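*Asks:* Okay, so here is model-v3.cif, and as you'll see once you scroll down, it has mmCIF, C-alpha atoms, pLDDT in the B column; chains and numbers go by the auth columns.
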data_structure
#
loop_
_atom_site.group_PDB
_atom_site.id
_atom_site.type_symbol
_atom_site.label_atom_id
_atom_site.label_comp_id
_atom_site.label_asym_id
_atom_site.label_seq_id
_atom_site.Cartn_x
_atom_site.Cartn_y
_atom_site.Cartn_z
_atom_site.B_iso_or_equiv
_atom_site.auth_seq_id
_atom_site.auth_asym_id
ATOM 1 C CA VAL A 1 5.826 5.267 3.274 86.00 1 B
ATOM 2 C CA VAL A 2 8.336 8.106 3.485 87.00 2 B
ATOM 3 C CA ASP A 3 11.981 8.215 4.489 87.00 3 B
ATOM 4 C CA ALA A 4 13.490 10.405 7.227 90.00 4 B
ATOM 5 C CA GLU A 5 13.514 13.399 4.863 93.00 5 B
ATOM 6 C CA GLY A 6 9.842 12.967 3.957 88.00 6 B
ATOM 7 C CA THR A 7 10.477 11.584 0.459 89.00 7 B
ATOM 8 C CA LEU A 8 7.982 9.007 -0.781 85.00 8 B
ATOM 9 C CA ILE A 9 9.754 5.650 -1.069 85.00 9 B
ATOM 10 C CA ASP A 10 6.860 3.185 -1.254 84.00 10 B
ATOM 11 C CA THR A 11 3.168 2.678 -0.657 82.00 11 B
ATOM 12 C CA LEU A 12 1.215 0.397 1.626 81.00 12 B
ATOM 13 C CA SER A 13 -2.388 -0.337 0.772 77.00 13 B
ATOM 14 C CA VAL A 14 -5.346 -2.462 1.765 77.00 14 B
ATOM 15 C CA LYS A 15 -4.366 -4.888 -1.007 77.00 15 B
ATOM 16 C CA ASP A 16 -0.997 -5.387 0.679 80.00 16 B
ATOM 17 C CA LEU A 17 -2.617 -6.060 4.033 80.00 17 B
ATOM 18 C CA LYS A 18 -4.841 -8.729 2.489 79.00 18 B
ATOM 19 C CA ALA A 19 -1.678 -10.834 2.208 77.00 19 B
ATOM 20 C CA ILE A 20 -2.031 -11.468 5.938 81.00 20 B
ATOM 21 C CA HIS A 21 -5.037 -13.703 5.078 80.00 21 B
ATOM 22 C CA SER A 22 -8.259 -13.893 7.015 79.00 22 B
ATOM 23 C CA ASP A 23 -7.540 -17.432 8.202 82.00 23 B
ATOM 24 C CA GLY A 24 -4.601 -16.218 10.313 76.00 24 B
ATOM 25 C CA SER A 25 -2.011 -18.303 8.474 81.00 25 B
ATOM 26 C CA MET A 26 0.078 -15.242 7.702 82.00 26 B
ATOM 27 C CA PHE A 27 -0.575 -13.379 10.950 84.00 27 B
ATOM 28 C CA TRP A 28 3.168 -13.452 11.698 86.00 28 B
ATOM 29 C CA ARG A 29 3.653 -10.865 8.937 83.00 29 B
ATOM 30 C CA LEU A 30 2.186 -8.241 11.287 83.00 30 B
ATOM 31 C CA PHE A 31 5.365 -8.441 13.339 89.00 31 B
ATOM 32 C CA GLN A 32 7.698 -7.604 10.439 89.00 32 B
ATOM 33 C CA ASP A 33 8.975 -4.101 9.914 89.00 33 B
ATOM 34 C CA VAL A 34 7.336 -2.249 7.011 88.00 34 B
ATOM 35 C CA GLU A 35 10.445 -2.439 4.802 88.00 35 B
ATOM 36 C CA THR A 36 10.667 -6.234 5.087 89.00 36 B
ATOM 37 C CA PHE A 37 6.925 -6.640 4.576 87.00 37 B
ATOM 38 C CA LEU A 38 6.912 -4.507 1.407 86.00 38 B
ATOM 39 C CA LYS A 39 9.958 -6.295 -0.047 87.00 39 B
ATOM 40 C CA LYS A 40 8.195 -9.621 0.469 85.00 40 B
ATOM 41 C CA MET A 41 5.004 -8.277 -1.106 83.00 41 B
ATOM 42 C CA LYS A 42 6.916 -7.087 -4.171 83.00 42 B
ATOM 43 C CA SER A 43 8.522 -10.478 -4.656 86.00 43 B
ATOM 44 C CA ASP A 44 5.444 -12.613 -3.870 82.00 44 B
ATOM 45 C CA TYR A 45 2.734 -10.501 -5.512 78.00 45 B
ATOM 46 C CA PRO A 46 4.315 -8.228 -8.155 76.00 46 B
ATOM 47 C CA GLU A 47 1.033 -7.960 -10.078 75.00 47 B
ATOM 48 C CA SER A 48 -0.765 -6.469 -7.083 69.00 48 B
ATOM 49 C CA ARG A 49 1.636 -3.566 -6.621 67.00 49 B
ATOM 50 C CA PRO A 50 0.391 -0.203 -7.916 66.00 50 B
ATOM 51 C CA LYS A 51 1.738 0.908 -11.272 71.00 51 B
ATOM 52 C CA ASN A 52 1.058 4.580 -10.621 74.00 52 B
ATOM 53 C CA VAL A 53 0.890 6.730 -7.545 76.00 53 B
ATOM 54 C CA VAL A 54 -1.957 9.202 -7.287 81.00 54 B
ATOM 55 C CA CYS A 55 -1.191 12.311 -5.271 84.00 55 B
ATOM 56 C CA VAL A 56 -3.426 15.023 -3.895 87.00 56 B
ATOM 57 C CA LYS A 57 -2.734 18.345 -2.246 90.00 57 B
ATOM 58 C CA LEU A 58 -3.719 19.282 1.277 89.00 58 B
ATOM 59 C CA THR A 59 -5.970 21.915 -0.273 94.00 59 B
ATOM 60 C CA ASP A 60 -7.912 19.411 -2.450 94.00 60 B
ATOM 61 C CA ASN A 61 -11.426 18.773 -1.225 95.00 61 B
ATOM 62 C CA LEU A 62 -12.633 15.344 -0.199 94.00 62 B
ATOM 63 C CA GLU A 63 -14.936 15.053 -3.208 95.00 63 B
ATOM 64 C CA HIS A 64 -11.904 15.315 -5.518 94.00 64 B
ATOM 65 C CA VAL A 65 -9.982 12.690 -3.533 91.00 65 B
ATOM 66 C CA ILE A 66 -12.907 10.243 -3.550 92.00 66 B
ATOM 67 C CA ARG A 67 -13.400 10.763 -7.289 92.00 67 B
ATOM 68 C CA LEU A 68 -9.714 10.005 -7.919 90.00 68 B
ATOM 69 C CA CYS A 69 -9.936 6.846 -5.825 86.00 69 B
ATOM 70 C CA ALA A 70 -12.992 5.678 -7.763 90.00 70 B
ATOM 71 C CA GLU A 71 -11.543 6.526 -11.182 90.00 71 B
ATOM 72 C CA THR A 72 -8.158 4.909 -10.599 85.00 72 B
ATOM 73 C CA GLY A 73 -9.182 1.992 -8.398 79.00 73 B
ATOM 74 C CA ILE A 74 -6.580 3.093 -5.863 77.00 74 B
ATOM 75 C CA HIS A 75 -7.616 3.237 -2.211 66.00 75 B
#
Show me the file's structure as structure tokens.
*Replies:*
Amino acid sequence: VVDAEGTLIDTLSVKDLKAIHSDGSMFWRLFQDVETFLKKMKSDYPESRPKNVVCVKLTDNLEHVIRLCAETGIH
């Protein structure tokens, strides 16, 4: 997630989206804005938030990106 100037301010991952739950009990979270959703995730699930951000360049090849994802467990 970036701000109006393009500065990274947060991340949103598959792990975050799992908080919606497959049973539909948290489906209402889909209607929150991203800022509210991420604040709630940080307070409810602090252990699931990434400790490090992994960055790649536009010029990096896909093999490198996939290797980084596998090595760090970030997706």
*Asks:* When you draw a straight line from CA of Val2 (chain B) to CA of Lys39 (chain B), how long is it in Å?
*Replies:*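 These atoms are spaced 14.9 Å apart.
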*Asks:* Measuring atom to atom with all atoms listed in the file, identify which of B:Asp16, B:Asp60, B:Asp23, B:Glu5 is nearest to Lys40 (chain B).
*Replies:*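 Ranked by minimum distance to Lys40 (chain B), first place goes to B:Asp16.
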*Asks:* Out of B:Glu71, B:Val54, B:Leu38, B:Glu47, which residue has the shortest atom-to-atom distance to Leu12 (chain B) when counting only C-alpha atoms?
*Replies:*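 Comparing B:Glu71, B:Val54, B:Leu38, B:Glu47 against Leu12 (chain B), the winner is B:Leu38.
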*Asks:* May I have the protein, DNA and RNA residues with an atom at most 12 Å from (-3.7, 14.2, -2.5), counting only C-alpha atoms in the file's coordinates, returned as a compact mmCIF listing (two decimals) with C-alpha atoms, in the frame of the given file?
*Replies:*
# COMPACT_ATOMS: atom_id res chain seq x y z
CA VAL B 53 0.89 6.73 -7.54
CA VAL B 54 -1.96 9.20 -7.29
CA CYS B 55 -1.19 12.31 -5.27
CA VAL B 56 -3.43 15.02 -3.90
CA LYS B 57 -2.73 18.34 -2.25
CA LEU B 58 -3.72 19.28 1.28
CA THR B 59 -5.97 21.92 -0.27
CA ASP B 60 -7.91 19.41 -2.45
CA ASN B 61 -11.43 18.77 -1.23
CA LEU B 62 -12.63 15.34 -0.20
CA GLU B 63 -14.94 15.05 -3.21
CA HIS B 64 -11.90 15.32 -5.52
CA VAL B 65 -9.98 12.69 -3.53
CA ILE B 66 -12.91 10.24 -3.55
CA ARG B 67 -13.40 10.76 -7.29
CA LEU B 68 -9.71 10.01 -7.92
CA CYS B 69 -9.94 6.85 -5.82
CA ILE B 74 -6.58 3.09 -5.86
CA HIS B 75 -7.62 3.24 -2.21
*Asks:* Once the PyMOL selection byres ((chain B and resi 10) around 12) is applied to the coordinates I shared, what remains selected? I want it as a PyMOL selection string.
*Replies:* chain B and resi 1-3+6-9+11-13+16+34-39+41-42+49-53
*Asks:* Please measure the separation of CA of Leu30 (chain B) and CA of Ala70 (chain B), giving the value in Å to one decimal.
*Replies:*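 For CA of Leu30 (chain B) relative to CA of Ala70 (chain B), the distance reads 28.1 Å.
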*Asks:* Calculate how many Å separate CA of Ser43 (chain B) from CA of Ala19 (chain B), rounding to one decimal.
*Replies:*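 Separation of CA of Ser43 (chain B) and CA of Ala19 (chain B): 12.3 Å.
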